[in-house]
Amino acid sequence: VLSACGFHLRNKIALPAELGPVKGTSTTQYSPLAEAVARGVRQAGAVAADADATEVASLEILSERWGDLPIALDDRGRAQEFSLRYAAVFVFRRADGTALVPQQVVELSRDYVAPPENVTGTNTEREILADELRREMAASILRRVDGVIKGGAPGQQPSP
């Protein structure tokens with residue numbers, strides 16, 4: 001029944017073996033996003049790069065940015081609802097330094113209610129949303145890499 005409407009499950013992300021060892025890096029030391037992306041790259045079949053290896057492909061997280069934007073106010077002018085925004089810039093380079101996936105920006109957002117009287121609950125909800133956005137960001141970055149590798153992009157050679 002689901003196939004009749006065009007629905008199909010996503011295929012597992014798989015990186016080609018000829019890509020060689022891959023490492024995930026970030027300009028932010030101890031970045032949870034970089035760790036999640038590196039874990040996803042390993043799960044996609046990439047060989048983990050040795051710490052001292054020089055000829056490796058790299059998925060580089062160039063920047064991450066968080067922001068809260070008030071989207072609703074109460075009768076006293078206090079923010080009641082916020083939009084949590086998360087943006088990351090990344091590039092995927094082959095071992096020779098050429099860009100397999102050129103620099104791209106991924107932006108995600110989630111709305112949450114934050115009554116001024118319940119600050120404790122608001123902070124907890126925001127932390128949960130931030131963790132969820134981080135996981136979703138890593139998955140989104142890996143899907144973009146997978147899309148370029150499987151389908152090719154303008155100016156890119158798809159893998160066999």
# chains A, B, ... in the order shown; residues from 1 in each chain; ligands from 1
>>> residues_around(residues="range 18-27 of chain A", least_positions_apart="6", cutoff="12 Å", atoms="only C-alpha atoms", output="NGL selection string")
:A and (33-64 or 88-96 or 100 or 138 or 141-142 or 149 or 159-160)
>>> write_last_selection(atoms="N, CA and C atoms", output="tab-separated table (two decimals), in the first residue's frame")
chain	number	residue	atom	x	y	z
A	33	LEU	N	28.75	17.85	17.71
A	33	LEU	CA	28.32	17.63	16.33
A	33	LEU	C	29.39	16.89	15.55
A	34	ALA	N	30.65	17.29	15.68
A	34	ALA	CA	31.74	16.61	14.98
A	34	ALA	C	31.84	15.15	15.42
A	35	GLU	N	31.64	14.89	16.69
A	35	GLU	CA	31.67	13.51	17.18
A	35	GLU	C	30.53	12.70	16.59
A	36	ALA	N	29.32	13.29	16.51
A	36	ALA	CA	28.17	12.60	15.94
A	36	ALA	C	28.37	12.33	14.45
A	37	VAL	N	28.94	13.29	13.74
A	37	VAL	CA	29.21	13.12	12.31
A	37	VAL	C	30.28	12.05	12.10
A	38	ALA	N	31.34	12.06	12.90
A	38	ALA	CA	32.39	11.04	12.79
A	38	ALA	C	31.83	9.65	13.06
A	39	ARG	N	30.94	9.54	14.04
A	39	ARG	CA	30.30	8.25	14.34
A	39	ARG	C	29.44	7.80	13.14
A	40	GLY	N	28.71	8.73	12.54
A	40	GLY	CA	27.89	8.41	11.37
A	40	GLY	C	28.72	7.99	10.17
A	41	VAL	N	29.88	8.62	9.99
A	41	VAL	CA	30.79	8.26	8.89
A	41	VAL	C	31.30	6.84	9.08
A	42	ARG	N	31.64	6.49	10.32
A	42	ARG	CA	32.09	5.11	10.61
A	42	ARG	C	30.97	4.11	10.35
A	43	GLN	N	29.74	4.45	10.75
A	43	GLN	CA	28.61	3.56	10.52
A	43	GLN	C	28.29	3.42	9.05
A	44	ALA	N	28.67	4.41	8.25
A	44	ALA	CA	28.44	4.36	6.80
A	44	ALA	C	29.50	3.51	6.09
A	45	GLY	N	30.44	2.96	6.84
A	45	GLY	CA	31.42	2.06	6.25
A	45	GLY	C	32.78	2.65	5.99
A	46	ALA	N	32.99	3.89	6.37
A	46	ALA	CA	34.30	4.50	6.16
A	46	ALA	C	35.29	3.95	7.17
A	47	VAL	N	36.51	3.84	6.74
A	47	VAL	CA	37.59	3.41	7.62
A	47	VAL	C	37.99	4.60	8.47
A	48	ALA	N	38.07	4.41	9.78
A	48	ALA	CA	38.49	5.50	10.65
A	48	ALA	C	39.95	5.83	10.37
A	49	ALA	N	40.24	7.12	10.33
A	49	ALA	CA	41.61	7.56	10.05
A	49	ALA	C	42.45	7.51	11.32
A	50	ASP	N	43.71	7.10	11.19
A	50	ASP	CA	44.64	7.14	12.31
A	50	ASP	C	44.92	8.59	12.66
A	51	ALA	N	45.25	8.83	13.91
A	51	ALA	CA	45.51	10.20	14.39
A	51	ALA	C	46.66	10.85	13.65
A	52	ASP	N	47.68	10.06	13.25
A	52	ASP	CA	48.84	10.64	12.59
A	52	ASP	C	48.84	10.46	11.07
A	53	ALA	N	47.74	9.95	10.51
A	53	ALA	CA	47.64	9.76	9.05
A	53	ALA	C	47.52	11.12	8.37
A	54	THR	N	48.16	11.26	7.20
A	54	THR	CA	48.12	12.53	6.48
A	54	THR	C	47.24	12.45	5.23
A	55	GLU	N	47.17	11.32	4.58
A	55	GLU	CA	46.38	11.16	3.36
A	55	GLU	C	45.01	10.59	3.68
A	56	VAL	N	44.11	11.44	4.16
A	56	VAL	CA	42.77	11.01	4.52
A	56	VAL	C	41.74	12.00	3.99
A	57	ALA	N	40.57	11.48	3.68
A	57	ALA	CA	39.45	12.35	3.34
A	57	ALA	C	38.94	12.95	4.65
A	58	SER	N	38.32	14.11	4.59
A	58	SER	CA	37.85	14.73	5.83
A	58	SER	C	36.51	15.41	5.64
A	59	LEU	N	35.66	15.22	6.62
A	59	LEU	CA	34.41	15.94	6.69
A	59	LEU	C	34.61	17.01	7.76
A	60	GLU	N	34.71	18.25	7.32
A	60	GLU	CA	35.09	19.34	8.22
A	60	GLU	C	33.87	20.18	8.59
A	61	ILE	N	33.63	20.31	9.88
A	61	ILE	CA	32.60	21.22	10.38
A	61	ILE	C	33.31	22.56	10.57
A	62	LEU	N	33.00	23.52	9.70
A	62	LEU	CA	33.70	24.80	9.71
A	62	LEU	C	33.16	25.76	10.77
A	63	SER	N	31.86	25.71	11.01
A	63	SER	CA	31.29	26.56	12.07
A	63	SER	C	29.93	26.03	12.49
A	64	GLU	N	29.58	26.37	13.72
A	64	GLU	CA	28.27	26.05	14.29
A	64	GLU	C	27.75	27.31	14.95
A	88	ALA	N	24.98	25.05	10.75
A	88	ALA	CA	26.35	24.52	10.66
A	88	ALA	C	26.82	24.65	9.21
A	89	VAL	N	28.10	24.94	9.06
A	89	VAL	CA	28.74	25.02	7.75
A	89	VAL	C	29.74	23.86	7.68
A	90	PHE	N	29.70	23.10	6.58
A	90	PHE	CA	30.61	21.97	6.45
A	90	PHE	C	31.12	21.84	5.02
A	91	VAL	N	32.17	21.06	4.86
A	91	VAL	CA	32.73	20.71	3.56
A	91	VAL	C	33.32	19.31	3.68
A	92	PHE	N	33.21	18.52	2.63
A	92	PHE	CA	33.79	17.17	2.61
A	92	PHE	C	34.89	17.16	1.56
A	93	ARG	N	36.11	16.89	1.99
A	93	ARG	CA	37.27	16.91	1.08
A	93	ARG	C	37.84	15.52	0.90
A	94	ARG	N	38.27	15.25	-0.33
A	94	ARG	CA	38.99	14.00	-0.61
A	94	ARG	C	40.38	14.09	0.01
A	95	ALA	N	41.10	12.99	-0.02
A	95	ALA	CA	42.46	12.95	0.54
A	95	ALA	C	43.39	13.94	-0.17
A	96	ASP	N	43.15	14.20	-1.46
A	96	ASP	CA	44.02	15.13	-2.20
A	96	ASP	C	43.66	16.60	-1.95
A	100	LEU	N	34.81	17.19	-2.43
A	100	LEU	CA	33.83	16.23	-2.95
A	100	LEU	C	32.44	16.82	-2.77
A	138	ALA	N	23.60	16.19	12.33
A	138	ALA	CA	24.56	15.18	11.89
A	138	ALA	C	23.95	14.31	10.79
A	141	ILE	N	23.70	16.35	7.49
A	141	ILE	CA	25.00	16.50	6.83
A	141	ILE	C	25.37	15.20	6.12
A	142	LEU	N	25.19	14.07	6.79
A	142	LEU	CA	25.53	12.78	6.18
A	142	LEU	C	24.63	12.48	4.98
A	149	ILE	N	27.50	11.65	-3.33
A	149	ILE	CA	28.24	10.44	-3.70
A	149	ILE	C	27.40	9.52	-4.58
A	159	SER	N	30.03	8.24	-7.95
A	159	SER	CA	30.82	7.01	-7.83
A	159	SER	C	30.10	5.86	-8.48
A	160	PRO	N	30.86	4.86	-8.90
A	160	PRO	CA	30.25	3.71	-9.57
A	160	PRO	C	29.43	2.90	-8.61
>>> select_by_dssp(residues="range 41-84 of chain A", states="strand (DSSP E)", output="list in words")
Val47, Ala48, Ala57, Ser58, Leu59, Glu60, Ile61, Leu62, Ser63, Glu64, Arg65, Trp66, Gly67, Asp68, Leu69, Pro70, Ile71, Ala72, Leu73, Ala79, Gln80, Glu81, Phe82, Ser83 and Leu84 of chain A
>>> write_last_selection(atoms="C-alpha atoms", output="PDB file, in the first residue's frame")
ATOM      1  CA  VAL A  47      37.587   3.410   7.623  1.00  0.00           C
ATOM      2  CA  ALA A  48      38.490   5.501  10.653  1.00  0.00           C
ATOM      3  CA  ALA A  57      39.448  12.349   3.344  1.00  0.00           C
ATOM      4  CA  SER A  58      37.850  14.727   5.832  1.00  0.00           C
ATOM      5  CA  LEU A  59      34.408  15.944   6.694  1.00  0.00           C
ATOM      6  CA  GLU A  60      35.085  19.343   8.219  1.00  0.00           C
ATOM      7  CA  ILE A  61      32.597  21.225  10.381  1.00  0.00           C
ATOM      8  CA  LEU A  62      33.701  24.802   9.711  1.00  0.00           C
ATOM      9  CA  SER A  63      31.288  26.558  12.065  1.00  0.00           C
ATOM     10  CA  GLU A  64      28.269  26.047  14.290  1.00  0.00           C
ATOM     11  CA  ARG A  65      25.879  28.713  15.485  1.00  0.00           C
ATOM     12  CA  TRP A  66      22.976  28.604  17.949  1.00  0.00           C
ATOM     13  CA  GLY A  67      20.312  31.236  18.484  1.00  0.00           C
ATOM     14  CA  ASP A  68      17.017  31.810  20.286  1.00  0.00           C
ATOM     15  CA  LEU A  69      14.471  34.058  18.625  1.00  0.00           C
ATOM     16  CA  PRO A  70      11.364  35.155  20.550  1.00  0.00           C
ATOM     17  CA  ILE A  71       8.263  34.502  18.450  1.00  0.00           C
ATOM     18  CA  ALA A  72       5.411  35.253  20.923  1.00  0.00           C
ATOM     19  CA  LEU A  73       5.002  37.771  23.748  1.00  0.00           C
ATOM     20  CA  ALA A  79       8.746  36.310  25.608  1.00  0.00           C
ATOM     21  CA  GLN A  80       6.490  33.245  25.905  1.00  0.00           C
ATOM     22  CA  GLU A  81       7.582  31.221  22.908  1.00  0.00           C
ATOM     23  CA  PHE A  82      10.960  30.885  21.197  1.00  0.00           C
ATOM     24  CA  SER A  83      12.429  29.420  18.060  1.00  0.00           C
ATOM     25  CA  LEU A  84      15.701  27.589  18.722  1.00  0.00           C
TER      26      LEU A  84
END
>>> closest_residue(among="A:Pro116, A:Tyr86, A:Ala99, A:Arg110", to="Asp74 in chain A", atoms="only C-alpha atoms")
A:Pro116
>>> select_by_dssp(residues="chain A", states="alpha helix (DSSP H)", output="ChimeraX atom specification")
/A:32-43,119-151
>>> atom_distance(atom1="CA of Arg78 in chain A", atom2="CA of Asp131 in chain A")
25.8 Å
>>> residues_around(residues="Arg143 in chain A", least_positions_apart="6", cutoff="12 Å", atoms="only C-alpha atoms", output="ChimeraX atom specification")
/A:10-15,37,40-41,44,101,106,136-137,149-151
